[in-house]
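Just below is one structure, and these are the notes that go with it.
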Amino acid sequence: MHVIGIASSGLAGEEMKRRFTRLGVLMESCSEGDLMKIQSLLMTQRNLVIGISISGTSDEIVFALKHAHERKARTVLITGNTEKKEYVDELVCIPVLENLDTGNIISPQFPVLVFIDLLYNSYLNENQNTLKLQKETVEILKGK
């Protein structure tokens, strides 16, 4: 599984990777445009690519999702843009305020992080065998 995002969306992707890794889900995170473009060309039907873009129009994210989709990878876009894209298998629309992308009042990534929390909780609840692993990883991080 791969999660991609530029700037603060990339940081949200990194948070997603760290959270799901604690549950035993191997996930890669990339926030560097050229690298995500290269990686998208290596995707196959065995891959899932999750793009994070509040606008849904970030050039690097669009490129990566289009090329991954062409190579039969499953694609997901987490965005505030409700316009359906032909290269996205699943569109996850998050709430955004007008001009939220400037980040002057509240972080534009706040709704993304809330969605990641909900997804994490749902995954944890549906996969009870990961609960033990999650507890073990928390203990390791605490130094026990």
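For the structure tokens, the naming scheme is as follows: chains receive sequential letters (A, B, ...) according to their order of presentation, residues are indexed from 1 within each chain, and ligands are indexed from 1 in presentation order.
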Need the shell around Val76 in chain A: protein/DNA/RNA residues with any atom at most 6 Å away, counting only C-alpha atoms. Skip same-chain ones fewer than 2 positions apart. Format as a PyMOL selection string? chain A and resi 50+88-91
Just the selected residues (all heavy atoms), exported as a PDB file, in the first residue's frame, please.
```
ATOM      1  N   ILE A  50      -3.035   5.528  -2.348  1.00  0.00           N
ATOM      2  CA  ILE A  50      -3.933   6.498  -1.733  1.00  0.00           C
ATOM      3  C   ILE A  50      -3.301   7.876  -1.887  1.00  0.00           C
ATOM      4  O   ILE A  50      -2.223   8.128  -1.355  1.00  0.00           O
ATOM      5  CB  ILE A  50      -4.156   6.186  -0.243  1.00  0.00           C
ATOM      6  CG1 ILE A  50      -4.735   4.783  -0.068  1.00  0.00           C
ATOM      7  CG2 ILE A  50      -5.048   7.255   0.401  1.00  0.00           C
ATOM      8  CD1 ILE A  50      -4.738   4.288   1.361  1.00  0.00           C
ATOM      9  N   VAL A  88      -9.616   7.429 -10.579  1.00  0.00           N
ATOM     10  CA  VAL A  88      -9.759   7.175  -9.143  1.00  0.00           C
ATOM     11  C   VAL A  88     -10.853   6.137  -8.937  1.00  0.00           C
ATOM     12  O   VAL A  88     -11.985   6.333  -9.355  1.00  0.00           O
ATOM     13  CB  VAL A  88     -10.104   8.483  -8.390  1.00  0.00           C
ATOM     14  CG1 VAL A  88     -10.383   8.201  -6.930  1.00  0.00           C
ATOM     15  CG2 VAL A  88      -8.978   9.484  -8.541  1.00  0.00           C
ATOM     16  N   ASP A  89     -10.499   5.024  -8.309  1.00  0.00           N
ATOM     17  CA  ASP A  89     -11.482   3.975  -8.031  1.00  0.00           C
ATOM     18  C   ASP A  89     -12.412   4.368  -6.889  1.00  0.00           C
ATOM     19  O   ASP A  89     -13.591   4.040  -6.907  1.00  0.00           O
ATOM     20  CB  ASP A  89     -10.777   2.654  -7.698  1.00  0.00           C
ATOM     21  CG  ASP A  89      -9.976   2.133  -8.877  1.00  0.00           C
ATOM     22  OD1 ASP A  89     -10.534   2.042  -9.985  1.00  0.00           O
ATOM     23  OD2 ASP A  89      -8.782   1.832  -8.691  1.00  0.00           O
ATOM     24  N   GLU A  90     -11.873   5.033  -5.873  1.00  0.00           N
ATOM     25  CA  GLU A  90     -12.667   5.463  -4.722  1.00  0.00           C
ATOM     26  C   GLU A  90     -12.329   6.916  -4.412  1.00  0.00           C
ATOM     27  O   GLU A  90     -11.164   7.263  -4.219  1.00  0.00           O
ATOM     28  CB  GLU A  90     -12.375   4.607  -3.482  1.00  0.00           C
ATOM     29  CG  GLU A  90     -12.755   3.162  -3.626  1.00  0.00           C
ATOM     30  CD  GLU A  90     -14.253   2.926  -3.708  1.00  0.00           C
ATOM     31  OE1 GLU A  90     -15.035   3.760  -3.189  1.00  0.00           O
ATOM     32  OE2 GLU A  90     -14.647   1.914  -4.297  1.00  0.00           O
ATOM     33  N   LEU A  91     -13.344   7.747  -4.358  1.00  0.00           N
ATOM     34  CA  LEU A  91     -13.184   9.156  -4.021  1.00  0.00           C
ATOM     35  C   LEU A  91     -13.697   9.356  -2.595  1.00  0.00           C
ATOM     36  O   LEU A  91     -14.865   9.075  -2.302  1.00  0.00           O
ATOM     37  CB  LEU A  91     -13.984  10.018  -4.997  1.00  0.00           C
ATOM     38  CG  LEU A  91     -13.839  11.528  -4.871  1.00  0.00           C
ATOM     39  CD1 LEU A  91     -12.412  11.964  -5.212  1.00  0.00           C
ATOM     40  CD2 LEU A  91     -14.836  12.214  -5.801  1.00  0.00           C
TER      41      LEU A  91
END
```
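Between Ile94 in chain A and the candidates A:Gln134, A:Thr21, A:Gln128, A:Ser53, the tightest atom-to-atom separation, counting only C-alpha atoms, involves A:Ser53.
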With distances taken over only C-alpha atoms, the candidate from A:Pro108, A:Gly10, A:Gly5, A:Gly56 nearest Cys93 in chain A is A:Gly56
From the list A:Ile6, A:Cys30, A:Val138, A:Ala73, the nearest residue to Ile54 in chain A using only C-alpha atoms is A:Ile6
Excluding Ser31 in chain A and its own-chain neighbours fewer than 5 positions away, which residues fall within 9 Å of it when counting only C-alpha atoms? Please give them as a list in words.
Val3, Ile4, Gly5, Ile6, Ala7, Ser8, Ser9, Gly10, Leu11, Gly13, Glu14 and Met36 of chain A
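Nearest to Ser40 in chain A of all the residues A:His67, A:Lys135, A:Lys85, A:His2 is A:His67, counting only C-alpha atoms.
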Exercise for review: For Leu119 in chain A, work out the shell of residues within 12 Å, counting only C-alpha atoms and skipping chain neighbours fewer than 3 positions away, then give it as a PyMOL selection string.
Suggested key: chain A and resi 16+19-20+78+92+112-116+122-126
Restricting the output to N, CA, C and O atoms, write the selected residues as a compact mmCIF listing (two decimals), in the first residue's frame.
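File part-v5.txt, as written:
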```txt
# COMPACT_ATOMS: atom_id res chain seq x y z
N MET A 16 -0.50 8.60 8.53
CA MET A 16 -1.30 7.42 8.19
C MET A 16 -0.42 6.18 8.15
O MET A 16 -0.77 5.14 8.70
N ARG A 19 0.55 5.11 11.74
CA ARG A 19 -0.57 4.52 12.49
C ARG A 19 -0.86 3.11 12.02
O ARG A 19 -1.03 2.20 12.82
N PHE A 20 -0.94 2.91 10.70
CA PHE A 20 -1.30 1.59 10.19
C PHE A 20 -0.15 0.60 10.32
O PHE A 20 -0.39 -0.60 10.46
N ILE A 78 -8.23 11.12 -1.39
CA ILE A 78 -8.83 11.81 -0.25
C ILE A 78 -8.73 13.30 -0.56
O ILE A 78 -7.62 13.84 -0.70
N VAL A 92 -12.82 9.81 -1.70
CA VAL A 92 -13.20 10.08 -0.32
C VAL A 92 -13.24 11.60 -0.18
O VAL A 92 -12.20 12.26 -0.18
N VAL A 112 -8.53 15.65 7.05
CA VAL A 112 -7.83 14.45 6.59
C VAL A 112 -7.42 13.61 7.79
O VAL A 112 -7.60 12.39 7.80
N LEU A 113 -6.88 14.26 8.79
CA LEU A 113 -6.43 13.53 9.99
C LEU A 113 -7.61 12.90 10.73
O LEU A 113 -7.49 11.79 11.25
N VAL A 114 -8.74 13.59 10.76
CA VAL A 114 -9.94 13.01 11.37
C VAL A 114 -10.36 11.77 10.59
O VAL A 114 -10.67 10.73 11.18
N PHE A 115 -10.34 11.85 9.26
CA PHE A 115 -10.70 10.69 8.43
C PHE A 115 -9.74 9.53 8.69
O PHE A 115 -10.16 8.38 8.82
N ILE A 116 -8.45 9.83 8.78
CA ILE A 116 -7.46 8.78 9.05
C ILE A 116 -7.75 8.12 10.39
O ILE A 116 -7.69 6.90 10.53
N SER A 122 -11.88 2.00 12.51
CA SER A 122 -12.70 1.01 11.81
C SER A 122 -11.89 -0.25 11.50
O SER A 122 -12.35 -1.37 11.72
N TYR A 123 -10.66 -0.05 11.01
CA TYR A 123 -9.80 -1.19 10.69
C TYR A 123 -9.50 -2.00 11.96
O TYR A 123 -9.57 -3.23 11.95
N LEU A 124 -9.20 -1.30 13.03
CA LEU A 124 -8.88 -1.96 14.29
C LEU A 124 -10.08 -2.77 14.80
O LEU A 124 -9.92 -3.91 15.23
N ASN A 125 -11.27 -2.21 14.70
CA ASN A 125 -12.47 -2.90 15.17
C ASN A 125 -12.83 -4.10 14.31
O ASN A 125 -13.37 -5.08 14.81
N GLU A 126 -12.57 -4.04 13.03
CA GLU A 126 -12.91 -5.14 12.12
C GLU A 126 -11.84 -6.21 12.06
O GLU A 126 -12.07 -7.29 11.53
```
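For the set A:Leu118, A:Met1, A:Val25, A:Ala64, the residue with the smallest atom-to-atom gap to Ile38 in chain A is A:Ala64, counting only C-alpha atoms.
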| message | So that I can check the secondary structure, give me every residue of range 46-90 of chain A assigned strand (DSSP E) by backbone DSSP, as a PyMOL selection string. | response | chain A and resi 48-52+74-79+90
Counting only C-alpha atoms, the residue among A:Pro111, A:Gly51, A:Gly24, A:Pro95 that lies closest to Thr75 in chain A is A:Gly51
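Across the model, the gap from CA of Ile61 in chain A to CA of Leu48 in chain A is 13.9 Å.
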